[in-house]
Amino acid sequence: MTYDYIIAGAGAAGCVLANRLSASGKHTVLLLEAGGKDSSLWFKIPVGFAKMYYNPTFNWMYYSQPQKQLGNREIYAPRGKVQGGSGSINAMIYVRGQAHDFDDWAANGNDGWGFKDVLPYFRKLENHRLGDSEYHGGSGPISITPMKGQTHPICDVFLKGCDELGYPLSDDFNGPTFEGAGIYDVNTRDGQRCSSSFAHLHPALSRPNLTVEHYALVDRVLFDSGRATGISITQHGVTRTFTANKEVILCAGAVDTPKLLQLSGVADQALLAKHNIPLVKHLPAVGRNLQDHLCVSYYYKANIPTLNDELSSLFGQFKLGLKYLFTRKGALAMSVNQAGGFFRGDEQQANPNLQLYFNPLSYQIPKNNKASLKPEPYSGFLLCFNPCRPTSRGHIEIASKNPRDAALIDPNYLSTQKDIDEVIQGSRLMRKIMNAPALKGITVEEVLPGPAIETDEQMLQYFRDNSGSIYHLCGSCAMGADQQTSVVDKRLKVHGLDGLRIVDASIFPNVTSGNTHAAVLMVAEKGADLILQDA
């Protein structure tokens, strides 16, 4: 079968593209998804992400290669295997990043991707509760809800503590004041997750020019004389091929987009030769430049009630459930990551280089990797941090020429001195904030790492032993002008090939400061415009 556009991956970006490219009715669009539909109620309830955290039906449940700097641990890397992709199973925090993040993109040979260029696309995608403004859109498809005024009361203690230490307070991390402590926004509508699947794709499904195929694992992109002509998939054990009149667009994410290019013969020729894959285009940067945010949590026992108290009993869960059912409000309508902010690790930093999360619930993920958001058996909360712009770079490589084999993921965490220095900065910042009078007043003890962990070396070791991904993998098919160090140009076209584009987190030249989902949605909105302009 033949379509104008074939989109590989119905994730956060793919759902946006499917809507925008099919909206005029002029173009036929095929959207391919390796997973199933997002029809379960758990995809709508914000707290439902806990149900998907280790669910192999809806989650690829990838793991990294052993990380040398983290005690050779394999780090968990969940990825959505469902319509909506990782945007259907994430914690919904909506943070764009700092203006200089995108100005760096533009400075890397990508004219048109500076902050002033991408802000209109952030505004285009948003339906913000406060309406249209210089920094926000009021009529876009993705509903943005400030959690301010709804969070657990203990979050106000965190804000007070930061204020006592002289840190600025931010009313809106996506507004004019990025730096400081505040309450996060989430992409929810009326207390329900507002993913790009719900906001973009569902309303478009009735269009006759849009076709969606589920359980369609893409095997490879098809080429003819340097042009992408279609895609081969396996669906329910049957091989099928589809032809693209205009373009093939890869939206499979930072892990599976480079994997798909490598399977299709677009990668470093030495890697392709190793797996006996015919060379289509030598692009050595495919799978390189992989980046991620690495975080660690500190656990505290409180002398006042926290969410632990409400969620630790069936009665408390029942009360929260009733409140959600009748009002669409309360803890079940929000992310568990409620407060936090962006801070400078020392006076030499030109911009905030550390992100903090303050969570009114304390829980641990068991070492045996079994899902659990069961609260600790005491009134507790946690504080965690990650460096905003790590400089460690890793890679993605196919394990074999079999598309069903997961790619090898090596983020190469903590491999630069800057990243190590920022671990120490973040650890010291956590202790400094927890010593604020307001927070000392509600804290019984630091449970983990505990007061015995005091020196820089001990704090670094705690990070090495306990840190994990915050699931912001990106950069593995970076945008840039140099074919040796990048994969797509500023119009998201794959270097040296016709009819092939990439629109997902893999094109990030550098990771943004904050949660990456908002930036992926922006890339999809701008990417759709670029594709339609070229049409």
# chains A, B, ... in the order shown; residues from 1 in each chain; ligands from 1
$ residues_around --residues "segment 442-445 of chain A" --least-positions-apart "3" --cutoff "6 Å" --atoms "only C-alpha atoms" --output "list in words"
Tyr300, Lys301, Ala302, Asn303 and Leu439 of chain A
$ write_last_selection --atoms "N, CA and C atoms" --output "PDB file, in the first residue's frame"
ATOM      1  N   TYR A 300      13.881  11.106  53.889  1.00  0.00           N
ATOM      2  CA  TYR A 300      13.728  11.769  55.184  1.00  0.00           C
ATOM      3  C   TYR A 300      12.476  11.294  55.909  1.00  0.00           C
ATOM      4  N   LYS A 301      12.610  11.176  57.221  1.00  0.00           N
ATOM      5  CA  LYS A 301      11.468  10.887  58.089  1.00  0.00           C
ATOM      6  C   LYS A 301      10.967  12.220  58.649  1.00  0.00           C
ATOM      7  N   ALA A 302       9.648  12.438  58.596  1.00  0.00           N
ATOM      8  CA  ALA A 302       9.053  13.704  59.007  1.00  0.00           C
ATOM      9  C   ALA A 302       8.275  13.556  60.311  1.00  0.00           C
ATOM     10  N   ASN A 303       8.081  14.687  60.989  1.00  0.00           N
ATOM     11  CA  ASN A 303       7.253  14.689  62.201  1.00  0.00           C
ATOM     12  C   ASN A 303       5.856  15.241  61.933  1.00  0.00           C
ATOM     13  N   LEU A 439      12.692  23.376  57.071  1.00  0.00           N
ATOM     14  CA  LEU A 439      12.799  21.944  56.802  1.00  0.00           C
ATOM     15  C   LEU A 439      13.373  21.190  57.991  1.00  0.00           C
TER      16      LEU A 439
END
$ select_by_dssp --residues "segment 319-448 of chain A" --states "strand (DSSP E)" --output "number ranges by chain"
A: 339-343, 354-359, 380-387, 395-397, 408-410, 443-448
$ residues_around --residues "Gly475 of chain A" --least-positions-apart "5" --cutoff "12 Å" --atoms "only C-alpha atoms" --output "PyMOL selection string"
chain A and resi 105+253-255+257-258+285-293+391-396+411+480+485-488+502-512+516+520
$ write_last_selection --atoms "N, CA and C atoms" --output "CSV table (one decimal), in the first residue's frame"
chain,number,residue,atom,x,y,z
A,105,TRP,N,21.5,25.0,20.6
A,105,TRP,CA,21.2,24.3,19.4
A,105,TRP,C,21.4,25.1,18.2
A,253,GLY,N,12.2,7.4,18.8
A,253,GLY,CA,12.8,7.8,20.0
A,253,GLY,C,14.3,7.6,20.0
A,254,ALA,N,15.0,8.0,21.1
A,254,ALA,CA,16.4,8.1,21.2
A,254,ALA,C,17.1,6.7,21.2
A,255,VAL,N,16.3,5.6,21.5
A,255,VAL,CA,16.9,4.3,21.4
A,255,VAL,C,16.6,3.6,20.1
A,257,THR,N,15.2,4.9,17.2
A,257,THR,CA,15.4,5.5,15.9
A,257,THR,C,16.8,5.2,15.4
A,258,PRO,N,17.9,5.4,16.2
A,258,PRO,CA,19.2,5.0,15.6
A,258,PRO,C,19.3,3.5,15.4
A,285,ALA,N,27.8,9.3,12.9
A,285,ALA,CA,27.2,9.8,14.1
A,285,ALA,C,25.9,9.1,14.5
A,286,VAL,N,25.4,8.2,13.7
A,286,VAL,CA,24.1,7.5,14.1
A,286,VAL,C,24.4,6.7,15.3
A,287,GLY,N,23.6,7.0,16.4
A,287,GLY,CA,23.7,6.3,17.6
A,287,GLY,C,24.7,6.9,18.6
A,288,ARG,N,25.5,7.9,18.1
A,288,ARG,CA,26.4,8.6,19.0
A,288,ARG,C,25.7,9.8,19.7
A,289,ASN,N,26.5,10.4,20.6
A,289,ASN,CA,26.0,11.6,21.3
A,289,ASN,C,24.9,11.4,22.2
A,290,LEU,N,24.7,10.1,22.7
A,290,LEU,CA,23.6,9.8,23.6
A,290,LEU,C,23.8,10.5,24.9
A,291,GLN,N,22.7,11.1,25.4
A,291,GLN,CA,22.7,11.9,26.7
A,291,GLN,C,21.5,11.5,27.5
A,292,ASP,N,21.7,11.8,28.8
A,292,ASP,CA,20.6,11.5,29.8
A,292,ASP,C,20.8,12.2,31.1
A,293,HIS,N,19.7,12.4,31.8
A,293,HIS,CA,19.8,13.0,33.2
A,293,HIS,C,19.9,11.8,34.2
A,391,THR,N,27.8,16.4,30.6
A,391,THR,CA,28.7,16.4,29.4
A,391,THR,C,29.1,15.0,29.0
A,392,SER,N,28.7,14.0,29.8
A,392,SER,CA,29.0,12.6,29.4
A,392,SER,C,28.2,12.2,28.1
A,393,ARG,N,28.9,11.5,27.2
A,393,ARG,CA,28.2,11.1,26.0
A,393,ARG,C,28.4,9.6,25.8
A,394,GLY,N,27.3,9.0,25.4
A,394,GLY,CA,27.3,7.5,25.2
A,394,GLY,C,26.8,7.2,23.8
A,395,HIS,N,26.3,6.0,23.6
A,395,HIS,CA,25.9,5.5,22.3
A,395,HIS,C,24.9,4.4,22.3
A,396,ILE,N,24.2,4.3,21.2
A,396,ILE,CA,23.3,3.2,20.9
A,396,ILE,C,23.8,2.4,19.8
A,411,PRO,N,24.9,4.8,28.0
A,411,PRO,CA,25.0,6.2,28.2
A,411,PRO,C,26.3,6.8,28.7
A,480,GLY,N,22.7,18.9,13.2
A,480,GLY,CA,23.9,19.7,13.0
A,480,GLY,C,24.2,19.8,11.5
A,485,THR,N,29.6,14.5,12.6
A,485,THR,CA,29.2,14.6,14.0
A,485,THR,C,27.7,14.7,14.2
A,486,SER,N,26.9,14.7,13.2
A,486,SER,CA,25.4,14.9,13.3
A,486,SER,C,24.8,14.0,12.3
A,487,VAL,N,23.5,13.8,12.4
A,487,VAL,CA,22.7,12.9,11.5
A,487,VAL,C,21.7,13.6,10.7
A,488,VAL,N,21.1,14.7,11.2
A,488,VAL,CA,20.1,15.4,10.5
A,488,VAL,C,20.5,16.9,10.4
A,502,ILE,N,13.9,12.7,10.6
A,502,ILE,CA,13.8,12.2,12.0
A,502,ILE,C,13.1,13.4,12.8
A,503,VAL,N,12.1,13.0,13.6
A,503,VAL,CA,11.4,14.0,14.4
A,503,VAL,C,11.2,13.3,15.8
A,504,ASP,N,12.1,13.4,16.7
A,504,ASP,CA,12.0,12.9,18.1
A,504,ASP,C,13.1,13.4,18.9
A,505,ALA,N,13.3,12.9,20.1
A,505,ALA,CA,14.3,13.3,21.0
A,505,ALA,C,15.7,13.0,20.6
A,506,SER,N,15.8,12.1,19.6
A,506,SER,CA,17.2,11.7,19.2
A,506,SER,C,17.9,12.9,18.5
A,507,ILE,N,17.1,13.9,18.0
A,507,ILE,CA,17.8,15.0,17.2
A,507,ILE,C,18.3,16.1,18.1
A,508,PHE,N,18.1,16.0,19.4
A,508,PHE,CA,18.6,17.1,20.3
A,508,PHE,C,20.1,17.1,20.2
A,509,PRO,N,20.7,18.3,19.9
A,509,PRO,CA,22.1,18.4,19.9
A,509,PRO,C,22.7,18.3,21.3
A,510,ASN,N,21.9,18.8,22.3
A,510,ASN,CA,22.3,18.6,23.7
A,510,ASN,C,21.0,18.5,24.5
A,511,VAL,N,21.1,17.8,25.6
A,511,VAL,CA,19.9,17.6,26.5
A,511,VAL,C,19.5,19.0,27.1
A,512,THR,N,18.2,19.2,27.2
A,512,THR,CA,17.7,20.4,27.8
A,512,THR,C,17.7,20.3,29.3
A,516,THR,N,12.3,16.4,29.4
A,516,THR,CA,12.5,16.6,28.0
A,516,THR,C,11.2,16.4,27.2
A,520,VAL,N,10.2,17.7,23.2
A,520,VAL,CA,9.9,16.7,22.1
A,520,VAL,C,8.6,17.2,21.4
$ residues_around --residues "Tyr53 of chain A" --least-positions-apart "3" --cutoff "8 Å" --atoms "only C-alpha atoms" --output "list in words"
Phe49, Ala50, Asn59, Pro78, Ile89 and Ala371 of chain A
$ closest_atom_pairs --of "segment 166-283 of chain A" --to "segment 147-155 of chain A" --cutoff "8 Å" --atoms "only C-alpha atoms" --output "CSV"
residue,atom,partner,partner_atom,distance
A:Ile183,CA,A:Lys148,CA,5.6
A:Tyr184,CA,A:Met147,CA,6.2
A:Asp185,CA,A:Met147,CA,5.6
A:Val186,CA,A:Met147,CA,7.0
$ closest_residue --among "A:Ser197, A:Asn402, A:Gln192, A:Gln425" --to "Gly330 of chain A" --atoms "only C-alpha atoms"
A:Gln192
$ closest_residue --among "A:Leu383, A:Leu260, A:Ala519, A:Leu322" --to "Asp101 of chain A" --atoms "only C-alpha atoms"
A:Ala519
$ closest_residue --among "A:Arg464, A:Lys374, A:His128, A:Lys401" --to "Leu272 of chain A" --atoms "only C-alpha atoms"
A:Lys401
$ atom_distance --atom1 "atom CA of Glu525 of chain A" --atom2 "atom CA of Pro141 of chain A"
11.1 Å
$ residues_around --residues "Ala535 of chain A" --least-positions-apart "3" --cutoff "8 Å" --atoms "only C-alpha atoms" --output "compact mmCIF listing (two decimals) with C-alpha atoms, in the first residue's frame"
# COMPACT_ATOMS: atom_id res chain seq x y z
CA LYS A 246 6.78 11.89 -0.15
CA ILE A 531 7.54 18.97 6.36
CA LEU A 532 4.42 20.82 5.17
$ closest_residue --among "A:Gly340, A:Trp113, A:Asn55, A:Glu446" --to "Gly182 of chain A" --atoms "only C-alpha atoms"
A:Gly340
$ residues_around --residues "Ala252 of chain A" --least-positions-apart "6" --cutoff "8 Å" --atoms "only C-alpha atoms" --output "list in words"
Ala8, Gly9, Ala10, Gly11 and Asp504 of chain A
$ closest_residue --among "A:Asn337, A:Ser379, A:Asn351, A:Gln67" --to "Glu310 of chain A" --atoms "only C-alpha atoms"
A:Ser379
$ atom_distance --atom1 "atom CA of Ile45 of chain A" --atom2 "atom CA of Ile142 of chain A"
15.9 Å
$ residues_around --residues "Ile433 of chain A" --least-positions-apart "4" --cutoff "10 Å" --atoms "only C-alpha atoms" --output "number ranges by chain"
A: 158-159, 161-165, 167, 383, 428-429, 437-440
$ atom_distance --atom1 "atom CA of Val95 of chain A" --atom2 "atom CA of Asn515 of chain A"
5.6 Å
$ closest_residue --among "A:Gly137, A:Gly84, A:Pro168, A:Gly265" --to "Gly226 of chain A" --atoms "only C-alpha atoms"
A:Gly265
